[in-house]
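Below is entry27.csv, which holds CSV, C-alpha atoms.
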chain,number,residue,atom,x,y,z
G,1,MET,CA,-102.5,8.1,1.4
G,2,LYS,CA,-105.6,8.5,3.4
G,3,ASP,CA,-106.1,7.7,7.1
G,4,GLY,CA,-107.0,4.1,7.8
G,5,ASP,CA,-105.9,0.7,9.1
G,6,ILE,CA,-102.7,-0.6,7.5
G,7,GLY,CA,-101.1,1.1,4.6
G,8,LEU,CA,-99.3,-1.9,3.0
G,9,TYR,CA,-99.5,-5.6,3.6
G,10,VAL,CA,-96.5,-7.5,2.3
G,11,HIS,CA,-97.0,-11.1,1.3
G,12,ASN,CA,-94.6,-13.9,0.8
G,13,GLY,CA,-92.1,-13.9,-2.0
G,14,ALA,CA,-89.2,-11.6,-3.0
G,15,SER,CA,-90.5,-8.1,-2.7
G,16,LYS,CA,-89.1,-4.6,-3.3
G,17,ILE,CA,-91.0,-1.6,-2.0
G,18,ASN,CA,-90.2,2.0,-2.8
G,19,VAL,CA,-92.1,4.7,-1.0
G,20,ILE,CA,-91.3,8.2,-2.2
G,21,ASN,CA,-92.9,11.6,-1.3
G,22,VAL,CA,-95.7,10.1,0.7
G,23,THR,CA,-97.5,11.7,3.7
G,24,ILE,CA,-99.7,9.6,6.0
G,25,GLY,CA,-101.6,10.9,9.0
G,26,GLN,CA,-102.7,8.7,11.9
G,27,MET,CA,-103.0,5.3,10.3
G,28,ASP,CA,-103.0,2.3,12.6
G,29,GLY,CA,-99.8,1.1,11.0
G,30,PHE,CA,-97.9,1.7,7.8
G,31,ILE,CA,-96.3,-1.6,6.7
G,32,LYS,CA,-97.0,-5.1,7.9
G,33,ALA,CA,-95.2,-8.3,6.9
G,34,ILE,CA,-96.1,-11.2,9.2
G,35,ASP,CA,-94.6,-14.7,8.9
G,36,PHE,CA,-92.8,-13.5,5.9
G,37,HIS,CA,-91.1,-16.0,3.5
G,38,GLY,CA,-88.5,-14.6,1.0
G,39,ASN,CA,-86.4,-11.5,0.8
G,40,LEU,CA,-87.6,-8.0,1.3
G,41,GLU,CA,-86.3,-4.5,0.4
G,42,LEU,CA,-88.0,-1.5,1.8
G,43,TYR,CA,-87.0,2.1,0.8
G,44,LEU,CA,-88.7,5.0,2.4
G,45,ASN,CA,-87.6,8.4,1.0
G,46,ASP,CA,-88.8,12.0,1.4
G,47,SER,CA,-91.9,10.9,3.3
G,48,ILE,CA,-93.8,11.7,6.5
G,49,ILE,CA,-95.5,8.8,8.3
G,50,ASN,CA,-97.8,9.2,11.3
G,51,THR,CA,-99.2,6.0,12.9
G,52,LYS,CA,-101.1,5.1,16.1
G,53,ASN,CA,-99.4,1.7,16.6
G,54,ILE,CA,-96.4,0.0,15.1
G,55,ALA,CA,-95.3,1.8,12.0
G,56,VAL,CA,-93.3,-1.0,10.3
G,57,ASN,CA,-93.9,-4.5,11.6
G,58,VAL,CA,-91.9,-7.3,10.1
G,59,GLU,CA,-91.9,-11.0,11.2
G,60,ILE,CA,-89.5,-13.1,9.3
G,61,ASN,CA,-89.6,-16.8,8.5
G,62,LYS,CA,-87.1,-18.5,6.0
G,63,THR,CA,-85.7,-15.1,5.0
G,64,GLU,CA,-82.1,-14.7,3.8
G,65,THR,CA,-81.8,-11.0,3.4
G,66,LEU,CA,-83.8,-8.0,4.6
G,67,TYR,CA,-83.1,-4.4,3.6
G,68,ILE,CA,-84.8,-1.5,5.5
G,69,ASN,CA,-83.7,2.0,4.4
G,70,PHE,CA,-85.1,5.3,5.7
G,71,ASP,CA,-83.8,8.5,4.0
G,72,ASN,CA,-84.8,12.1,4.5
G,73,SER,CA,-88.1,11.0,6.2
G,74,GLU,CA,-90.0,11.4,9.4
G,75,LEU,CA,-91.7,8.6,11.3
G,76,TYR,CA,-94.0,9.2,14.3
G,77,SER,CA,-96.2,6.9,16.4
G,78,SER,CA,-98.5,8.0,19.2
G,79,THR,CA,-98.5,4.7,21.1
G,80,GLY,CA,-96.4,2.1,19.2
G,81,LYS,CA,-92.9,1.2,18.0
G,82,LEU,CA,-91.6,2.7,14.8
G,83,PHE,CA,-89.9,-0.5,13.7
G,84,SER,CA,-90.5,-4.0,15.1
G,85,LEU,CA,-88.5,-7.0,13.8
G,86,SER,CA,-89.1,-10.5,15.1
G,87,GLU,CA,-89.0,-14.1,13.9
G,88,ALA,CA,-92.0,-16.3,13.5
G,89,ALA,CA,-90.2,-19.5,14.6
G,90,SER,CA,-86.8,-20.6,15.8
G,91,THR,CA,-84.6,-21.5,12.8
G,92,LYS,CA,-81.0,-22.5,12.1
G,93,ASN,CA,-80.9,-20.4,8.9
G,94,LEU,CA,-79.2,-17.1,9.3
G,95,THR,CA,-80.8,-13.8,8.0
G,96,ASP,CA,-78.7,-10.8,7.1
G,97,ILE,CA,-80.6,-7.7,8.0
G,98,HIS,CA,-79.4,-4.3,6.8
G,99,PHE,CA,-81.1,-1.5,8.6
G,100,ASN,CA,-80.0,2.0,7.6
G,101,VAL,CA,-81.3,5.5,8.3
G,102,LYS,CA,-80.1,8.9,7.1
G,103,ASN,CA,-81.2,12.5,7.5
G,104,SER,CA,-84.4,11.4,9.2
G,105,VAL,CA,-86.5,12.1,12.4
G,106,PHE,CA,-88.0,9.4,14.6
G,107,ALA,CA,-90.2,9.9,17.6
G,108,THR,CA,-92.7,7.9,19.6
G,109,ALA,CA,-94.6,8.4,22.9
G,110,SER,CA,-94.7,5.2,24.8
G,111,GLU,CA,-92.8,2.2,23.2
G,112,ASN,CA,-89.3,1.3,22.2
G,113,LEU,CA,-88.4,3.2,19.1
G,114,PHE,CA,-86.7,0.4,17.2
G,115,GLU,CA,-87.0,-3.2,18.6
G,116,ILE,CA,-85.1,-6.1,17.0
G,117,ASN,CA,-85.6,-9.5,18.6
G,118,THR,CA,-84.3,-12.3,16.3
G,119,CYS,CA,-81.7,-14.8,17.3
G,120,SER,CA,-81.2,-16.1,13.8
G,121,SER,CA,-80.1,-12.7,12.3
G,122,ARG,CA,-77.0,-10.7,11.8
G,123,ILE,CA,-77.7,-7.0,12.1
G,124,HIS,CA,-75.8,-4.5,9.9
G,125,SER,CA,-76.9,-1.0,10.6
G,126,LYS,CA,-75.8,2.6,9.7
G,127,MET,CA,-77.5,5.6,11.4
G,128,ILE,CA,-76.4,8.9,10.1
G,129,SER,CA,-77.5,12.6,10.7
G,130,SER,CA,-80.8,11.7,12.3
G,131,SER,CA,-82.7,12.4,15.5
G,132,PHE,CA,-84.3,9.9,17.8
G,133,SER,CA,-86.6,10.4,20.9
G,134,VAL,CA,-89.1,8.7,23.1
G,135,GLU,CA,-91.4,11.1,25.0
G,136,ASN,CA,-92.4,8.9,28.0
G,137,GLY,CA,-90.0,7.1,30.3
G,138,GLY,CA,-89.1,3.4,30.6
G,139,LYS,CA,-88.4,2.8,26.9
G,140,THR,CA,-85.4,2.3,24.6
G,141,ILE,CA,-84.4,4.0,21.4
G,142,PHE,CA,-82.6,1.0,19.9
G,143,SER,CA,-83.2,-2.4,21.6
G,144,CYS,CA,-81.6,-5.3,19.9
G,145,LYS,CA,-81.2,-9.1,20.5
G,146,ALA,CA,-79.6,-10.8,17.6
G,147,ARG,CA,-76.9,-13.3,16.6
G,148,SER,CA,-74.4,-10.5,15.9
G,149,VAL,CA,-74.5,-6.7,15.6
G,150,ASP,CA,-72.4,-4.4,13.5
G,151,LEU,CA,-73.6,-0.8,14.0
G,152,ALA,CA,-72.3,2.6,13.0
G,153,GLY,CA,-73.9,5.8,14.4
G,154,LEU,CA,-72.6,9.1,13.1
G,155,MET,CA,-73.7,12.7,13.7
G,156,ASN,CA,-77.1,11.7,15.4
G,157,THR,CA,-79.0,13.1,18.3
G,158,PHE,CA,-80.5,10.7,20.9
G,159,ASP,CA,-82.6,12.1,23.6
G,160,ASN,CA,-85.6,11.8,26.0
G,161,SER,CA,-85.6,8.0,26.6
G,162,ASP,CA,-84.8,5.6,29.3
G,163,LYS,CA,-82.1,3.9,27.3
G,164,GLY,CA,-80.3,4.8,24.1
G,165,PHE,CA,-78.8,1.6,22.8
G,166,LEU,CA,-79.4,-1.8,24.5
G,167,ILE,CA,-77.7,-4.6,22.7
G,168,SER,CA,-77.6,-8.1,24.3
G,169,PHE,CA,-77.5,-11.8,24.0
G,170,CYS,CA,-80.6,-13.6,22.8
G,171,ASP,CA,-79.9,-15.9,25.7
G,172,LYS,CA,-77.6,-14.5,28.3
G,173,LYS,CA,-76.8,-18.0,29.5
G,174,ASP,CA,-75.5,-19.0,26.1
G,175,LYS,CA,-72.3,-16.9,26.2
G,176,THR,CA,-70.7,-18.2,23.0
G,177,GLN,CA,-68.4,-16.4,20.6
G,178,ASP,CA,-71.1,-16.6,17.9
G,179,PHE,CA,-72.5,-13.4,19.3
G,180,VAL,CA,-70.3,-10.5,18.4
G,181,ILE,CA,-70.9,-6.8,18.9
G,182,GLY,CA,-69.2,-4.2,16.8
G,183,LEU,CA,-70.0,-0.5,17.4
G,184,ASN,CA,-68.7,2.7,15.9
G,185,LEU,CA,-70.5,5.7,17.6
G,186,THR,CA,-68.9,9.0,16.5
G,187,ASN,CA,-69.9,12.6,16.7
G,188,ASN,CA,-73.3,11.9,18.3
G,189,ARG,CA,-75.2,13.7,21.1
G,190,PHE,CA,-76.8,11.8,23.9
G,191,GLU,CA,-79.0,14.0,26.1
G,192,ASN,CA,-81.6,13.3,28.9
G,193,ILE,CA,-81.2,9.5,28.7
G,194,ASP,CA,-82.6,8.6,32.1
G,195,SER,CA,-80.9,5.1,32.6
G,196,THR,CA,-78.1,4.3,30.2
G,197,ALA,CA,-77.1,5.9,26.9
G,198,ILE,CA,-75.1,2.9,25.6
G,199,GLU,CA,-75.4,-0.6,27.1
G,200,THR,CA,-74.0,-3.9,25.7
G,201,HIS,CA,-74.0,-7.5,27.0
G,202,GLY,CA,-71.9,-9.9,25.0
G,203,GLN,CA,-68.7,-10.6,23.1
G,204,LEU,CA,-67.2,-7.5,21.8
G,205,ASN,CA,-65.4,-7.2,18.5
G,206,VAL,CA,-64.2,-3.6,17.7
G,207,ILE,CA,-65.8,-0.8,19.8
G,208,VAL,CA,-65.1,2.8,19.0
G,209,ILE,CA,-66.9,5.5,21.0
G,210,GLU,CA,-65.4,8.9,20.2
G,211,ASN,CA,-66.2,12.6,19.8
G,212,ASN,CA,-69.6,12.3,21.3
G,213,TYR,CA,-71.3,14.6,23.7
G,214,PHE,CA,-73.1,13.1,26.7
G,215,VAL,CA,-75.1,15.6,28.8
G,216,GLY,CA,-77.8,15.2,31.5
G,217,ASN,CA,-77.9,11.4,31.4
G,218,GLY,CA,-78.1,8.6,34.0
G,219,GLU,CA,-75.2,6.2,33.1
G,220,CYS,CA,-73.5,7.0,29.8
G,221,ILE,CA,-71.7,3.8,28.9
G,222,LYS,CA,-72.1,0.3,30.4
G,223,HIS,CA,-70.3,-2.7,28.9
G,224,SER,CA,-70.9,-6.2,30.4
G,225,ILE,CA,-68.3,-8.0,28.4
G,226,ALA,CA,-68.5,-11.8,27.8
G,227,ASP,CA,-65.7,-14.1,29.0
G,228,PHE,CA,-63.6,-13.8,25.9
G,229,ASP,CA,-60.8,-11.5,24.6
G,230,PHE,CA,-62.0,-8.8,22.3
G,231,ASP,CA,-60.2,-6.9,19.5
G,232,SER,CA,-60.3,-3.4,20.8
G,233,LEU,CA,-62.4,-1.0,22.9
G,234,THR,CA,-61.6,2.7,22.6
G,235,ILE,CA,-63.5,5.5,24.3
G,236,SER,CA,-61.8,8.8,23.3
G,237,HIS,CA,-62.4,12.5,22.8
G,238,ASN,CA,-65.8,12.5,24.4
G,239,VAL,CA,-67.4,15.0,26.7
G,240,PHE,CA,-69.4,13.7,29.7
G,241,SER,CA,-71.2,16.4,31.6
G,242,ASN,CA,-73.9,16.7,34.3
G,243,THR,CA,-74.4,12.9,34.7
G,244,ALA,CA,-76.0,11.6,37.9
G,245,ASN,CA,-75.4,7.9,38.3
G,246,GLY,CA,-71.9,7.0,37.2
G,247,ILE,CA,-70.4,7.7,33.8
G,248,VAL,CA,-68.6,4.6,32.5
G,249,LYS,CA,-69.1,1.1,33.9
G,250,LEU,CA,-66.9,-1.6,32.5
G,251,LEU,CA,-67.7,-5.1,33.7
G,252,GLN,CA,-65.0,-7.3,32.3
G,253,PRO,CA,-64.4,-11.0,32.8
G,254,ARG,CA,-61.6,-12.3,35.0
G,255,SER,CA,-60.0,-14.4,32.2
G,256,GLY,CA,-60.0,-11.7,29.5
G,257,ASN,CA,-56.9,-9.6,29.1
G,258,SER,CA,-57.9,-7.3,26.2
G,259,THR,CA,-57.2,-3.7,27.0
G,260,ILE,CA,-59.7,-0.8,27.1
G,261,ASN,CA,-58.3,2.6,26.3
G,262,LEU,CA,-59.9,5.8,27.6
G,263,VAL,CA,-58.1,8.7,26.0
G,264,GLN,CA,-58.5,12.5,26.0
G,265,ASN,CA,-62.0,12.5,27.4
G,266,ILE,CA,-63.6,15.4,29.4
G,267,PHE,CA,-65.5,14.6,32.6
G,268,GLU,CA,-67.1,17.7,34.1
G,269,ASN,CA,-69.8,18.4,36.8
G,270,ASN,CA,-70.7,14.7,37.2
G,271,ARG,CA,-71.8,13.0,40.4
G,272,ASP,CA,-71.6,9.6,42.0
G,273,ILE,CA,-68.8,7.4,40.5
G,274,VAL,CA,-67.2,8.7,37.2
G,275,ILE,CA,-65.5,5.5,36.0
G,276,SER,CA,-65.8,2.0,37.5
G,277,PHE,CA,-64.2,-1.2,36.3
G,278,THR,CA,-63.5,-4.8,37.3
G,279,SER,CA,-60.3,-5.6,35.4
G,280,PRO,CA,-56.9,-3.9,35.4
G,281,TYR,CA,-56.5,-4.2,31.6
G,282,ILE,CA,-57.5,-0.6,31.1
G,283,ASN,CA,-55.5,2.6,30.3
G,284,ILE,CA,-56.8,6.0,31.3
G,285,TYR,CA,-54.7,9.0,30.2
G,286,GLN,CA,-54.8,12.6,29.0
G,287,SER,CA,-58.3,13.1,30.3
G,288,PHE,CA,-59.7,15.9,32.3
G,289,PHE,CA,-61.7,15.2,35.5
G,290,GLU,CA,-63.5,18.2,37.1
G,291,ASN,CA,-66.2,16.6,39.2
G,292,LYS,CA,-66.4,18.4,42.6
G,293,ASP,CA,-69.6,16.6,43.6
G,294,SER,CA,-68.5,13.1,42.6
G,295,ALA,CA,-67.8,10.4,45.2
G,296,TYR,CA,-64.9,8.9,43.2
G,297,ASN,CA,-63.3,9.7,39.8
G,298,LEU,CA,-62.1,6.1,39.5
G,299,LYS,CA,-63.4,3.1,41.4
G,300,VAL,CA,-62.2,-0.6,41.3
G,301,GLU,CA,-65.3,-2.7,41.8
G,302,SER,CA,-65.2,-5.7,44.2
G,303,ASP,CA,-64.9,-9.3,43.3
G,304,THR,CA,-61.5,-8.8,41.6
G,305,HIS,CA,-59.4,-11.0,43.8
G,306,SER,CA,-57.7,-12.7,40.9
G,307,TYR,CA,-56.1,-9.4,39.9
G,308,THR,CA,-54.6,-8.6,43.3
G,309,GLY,CA,-51.1,-7.1,42.8
G,310,ARG,CA,-51.8,-5.7,39.3
G,311,VAL,CA,-51.7,-2.0,38.6
G,312,VAL,CA,-53.9,0.3,36.4
G,313,ASN,CA,-52.1,3.1,34.6
G,314,ALA,CA,-54.1,6.3,35.1
G,315,SER,CA,-51.2,8.7,34.7
G,316,GLN,CA,-51.1,12.0,32.8
G,317,ASN,CA,-54.6,13.0,33.6
G,318,TYR,CA,-55.8,16.4,35.0
G,319,TRP,CA,-57.9,15.8,38.2
G,320,GLY,CA,-59.2,19.4,38.7
G,321,THR,CA,-56.6,20.1,41.4
G,322,ASN,CA,-52.9,20.0,42.1
G,323,ASP,CA,-53.5,18.7,45.6
G,324,VAL,CA,-52.2,15.1,45.4
G,325,ASN,CA,-54.1,14.2,48.6
G,326,VAL,CA,-57.4,15.3,47.1
G,327,ILE,CA,-56.7,13.4,43.9
G,328,GLU,CA,-55.8,10.2,45.9
G,329,LYS,CA,-59.0,10.4,48.0
G,330,ARG,CA,-61.2,10.2,44.9
G,331,ILE,CA,-59.5,7.1,43.6
G,332,TYR,CA,-61.0,3.9,45.1
G,333,ASP,CA,-58.5,1.1,44.9
G,334,ASN,CA,-56.4,-1.1,47.2
G,335,ASN,CA,-55.7,2.0,49.4
G,336,TYR,CA,-59.4,1.5,50.6
G,337,ASP,CA,-59.7,-2.3,50.2
G,338,ASN,CA,-56.5,-4.4,50.1
G,339,THR,CA,-58.2,-7.1,48.1
G,340,LEU,CA,-58.4,-4.8,45.1
G,341,PHE,CA,-55.7,-3.9,42.6
G,342,LYS,CA,-53.9,-0.6,42.6
G,343,ILE,CA,-54.4,2.5,40.4
G,344,THR,CA,-51.4,4.8,39.8
G,345,PHE,CA,-52.1,8.4,38.9
G,346,ARG,CA,-48.6,9.8,39.0
G,347,PRO,CA,-47.2,11.6,37.0
G,348,TYR,CA,-50.4,13.7,36.6
G,349,LEU,CA,-51.2,16.9,34.7
G,350,GLY,CA,-51.1,20.1,36.7
G,351,SER,CA,-53.6,21.8,34.2
G,352,LYS,CA,-55.4,21.2,31.0
G,353,ASN,CA,-52.1,21.3,29.2
G,354,TYR,CA,-50.7,17.9,28.1
G,355,SER,CA,-47.1,19.2,28.6
G,356,ASP,CA,-47.8,20.3,32.3
G,357,ILE,CA,-46.6,17.0,33.8
G,358,GLN,CA,-46.2,17.0,37.6
G,359,ASN,CA,-45.1,14.2,40.0
G,360,LYS,CA,-45.5,15.4,43.5
G,361,GLU,CA,-46.2,12.8,46.2
G,362,ALA,CA,-49.0,12.9,48.7
G,363,THR,CA,-48.3,14.6,52.0
G,364,PHE,CA,-50.0,14.0,55.4
G,365,LEU,CA,-51.3,17.5,55.5
G,366,SER,CA,-53.3,18.7,52.5
G,367,SER,CA,-53.1,22.2,50.9
G,368,ASN,CA,-56.4,23.3,52.7
G,369,GLY,CA,-55.1,22.3,56.1
G,370,ASP,CA,-57.0,19.0,56.4
G,371,ILE,CA,-55.2,15.8,57.4
G,372,GLY,CA,-54.6,14.2,54.0
G,373,GLY,CA,-53.7,10.8,52.7
G,374,ILE,CA,-55.4,7.5,53.1
G,375,VAL,CA,-54.7,5.4,56.1
G,376,SER,CA,-55.0,1.7,55.2
G,377,ALA,CA,-53.9,0.3,58.6
G,378,ASN,CA,-54.7,0.8,62.2
G,379,VAL,CA,-53.0,3.8,63.8
G,380,THR,CA,-52.3,3.6,67.5

Could I get this structure in the form of structure tokens?
Amino acid sequence: MKDGDIGLYVHNGASKINVINVTIGQMDGFIKAIDFHGNLELYLNDSIINTKNIAVNVEINKTETLYINFDNSELYSSTGKLFSLSEAASTKNLTDIHFNVKNSVFATASENLFEINTCSSRIHSKMISSSFSVENGGKTIFSCKARSVDLAGLMNTFDNSDKGFLISFCDKKDKTQDFVIGLNLTNNRFENIDSTAIETHGQLNVIVIENNYFVGNGECIKHSIADFDFDSLTISHNVFSNTANGIVKLLQPRSGNSTINLVQNIFENNRDIVISFTSPYINIYQSFFENKDSAYNLKVESDTHSYTGRVVNASQNYWGTNDVNVIEKRIYDNNYDNTLFKITFRPYLGSKNYSDIQNKEATFLSSNGDIGGIVSANVT
């Protein structure tokens, strides 16, 4: 195709578009379907698309199903989004949207890479063996507001953006169980994400974040969980390295009692607060913490008075030292603020060996000669 305005205008009615072995240089946009009625299937294979503005722009209206598939292709935009999905008008009809990418490259300079904003849609997405980046700051790779989201990301690279994934309510005031987030993010690399690599706001279903590598980011994982129980949330076998502003932030409701499991993760060379949370329904075990410049490895956030007296199990972790006093100082719980719940870290691992279980108690004099322990009452 030659350079120009828009490559393809899609009009109303059931449509299926196959684009194979196409190269486009600096068009204004590639595909445009505005106020679209009917169903649409778009397949982009073995192609290279360069645009100035929005590459694929879809606005649905009375649509039941939408399939967008990118395979072994490259999409670039100098100033616009690569994929924009919105709805022409509010509707009670639900649209099932299938958005899949595989073996592809996506990059833009100054807008969100993929932006989905449709409160009448259920999003089903698979992202496999692809790379995603935004050159300039303040933008998001995958920004999504929808009725529900079921997303799997496997073996991808996400880098150079403000946020990686931002998935939230259409209306944060309408916290109903109709909005459900399911995530499976496995074997991905998140690098140089300035703000947050993975951020969700809403009712969780099944969340699996495992075998990922997070390096040089702001926050890595931030879940603001709606006030309902969820099925499961597992964060396991990940590496979190050289992060500046806190690693994992879990903002759970007071009434929810679903348990979060953090298992066999590695936290190294991070700063600020490594893991913070507001609910005691969390298990942290067989993880390695080596963060000499961090303020706290674990921190109970305030406003948790309803949980006073409960205990978080953070035993059988390696804390980068065998000095119990040093371990204790980097855990912020009711030893610092008696309105918070307690975290127990004993027995702990004496090394990066799961069988090296130790159970020494804190002494008033630490191994380096400093006065150890945490004094939670006045000393006279």

task: Have a look at G:Ser77, G:Ser125, G:Ser279, G:Thr95 and name the one nearest to Ala109 of chain G; count only C-alpha atoms.
output: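 Among G:Ser77, G:Ser125, G:Ser279, G:Thr95, it is G:Ser77 that comes nearest to Ala109 of chain G.
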
Proximity to Val208 of chain G - best of G:Asn184, G:Thr140, G:Ser110, G:Gln316, all atoms listed in the file: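 So, comparing all the options, the nearest one is G:Asn184.
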
Please return, as a PDB file with C-alpha atoms, keeping the file's coordinate frame, all polymer residues that have at least one atom within 12 Å of the point (-72.5, 15.3, 17.7); use all atoms listed in the file and the file's own coordinate frame.
ATOM      1  CA  ILE G 128     -76.400   8.900  10.100  1.00  0.00           C
ATOM      2  CA  SER G 129     -77.500  12.600  10.700  1.00  0.00           C
ATOM      3  CA  SER G 130     -80.800  11.700  12.300  1.00  0.00           C
ATOM      4  CA  SER G 131     -82.700  12.400  15.500  1.00  0.00           C
ATOM      5  CA  GLY G 153     -73.900   5.800  14.400  1.00  0.00           C
ATOM      6  CA  LEU G 154     -72.600   9.100  13.100  1.00  0.00           C
ATOM      7  CA  MET G 155     -73.700  12.700  13.700  1.00  0.00           C
ATOM      8  CA  ASN G 156     -77.100  11.700  15.400  1.00  0.00           C
ATOM      9  CA  THR G 157     -79.000  13.100  18.300  1.00  0.00           C
ATOM     10  CA  PHE G 158     -80.500  10.700  20.900  1.00  0.00           C
ATOM     11  CA  LEU G 185     -70.500   5.700  17.600  1.00  0.00           C
ATOM     12  CA  THR G 186     -68.900   9.000  16.500  1.00  0.00           C
ATOM     13  CA  ASN G 187     -69.900  12.600  16.700  1.00  0.00           C
ATOM     14  CA  ASN G 188     -73.300  11.900  18.300  1.00  0.00           C
ATOM     15  CA  ARG G 189     -75.200  13.700  21.100  1.00  0.00           C
ATOM     16  CA  PHE G 190     -76.800  11.800  23.900  1.00  0.00           C
ATOM     17  CA  GLU G 191     -79.000  14.000  26.100  1.00  0.00           C
ATOM     18  CA  ILE G 209     -66.900   5.500  21.000  1.00  0.00           C
ATOM     19  CA  GLU G 210     -65.400   8.900  20.200  1.00  0.00           C
ATOM     20  CA  ASN G 211     -66.200  12.600  19.800  1.00  0.00           C
ATOM     21  CA  ASN G 212     -69.600  12.300  21.300  1.00  0.00           C
ATOM     22  CA  TYR G 213     -71.300  14.600  23.700  1.00  0.00           C
ATOM     23  CA  PHE G 214     -73.100  13.100  26.700  1.00  0.00           C
ATOM     24  CA  VAL G 215     -75.100  15.600  28.800  1.00  0.00           C
ATOM     25  CA  HIS G 237     -62.400  12.500  22.800  1.00  0.00           C
ATOM     26  CA  ASN G 238     -65.800  12.500  24.400  1.00  0.00           C
ATOM     27  CA  VAL G 239     -67.400  15.000  26.700  1.00  0.00           C
TER      28      VAL G 239
END

- line: Separating atom CA of Thr200 of chain G from atom CA of Asn72 of chain G, to the nearest tenth of an Å, is a gap of 28.7 Å

- line: Correct to one decimal, the distance atom CA of Asn21 of chain G-atom CA of Lys81 of chain G is 21.9 Å

task: In the coordinate frame of the file, compute which residues have an atom within 7 Å of (-55.3, 4.3, 34.6) when using all atoms listed in the file, and state them as an MDAnalysis selection string.
output: chainID G and resid 282:285 312:315 343:345

- request: Have a look at atom CA of Lys52 of chain G and atom CA of Asn136 of chain G and let me know their distance in Å, one decimal.
  value: 15.2 Å

task: Find, counting only C-alpha atoms, the residue in G:Val326, G:Val180, G:Ile331, G:Ile198 that gets nearest to Cys220 of chain G.
output: G:Ile198
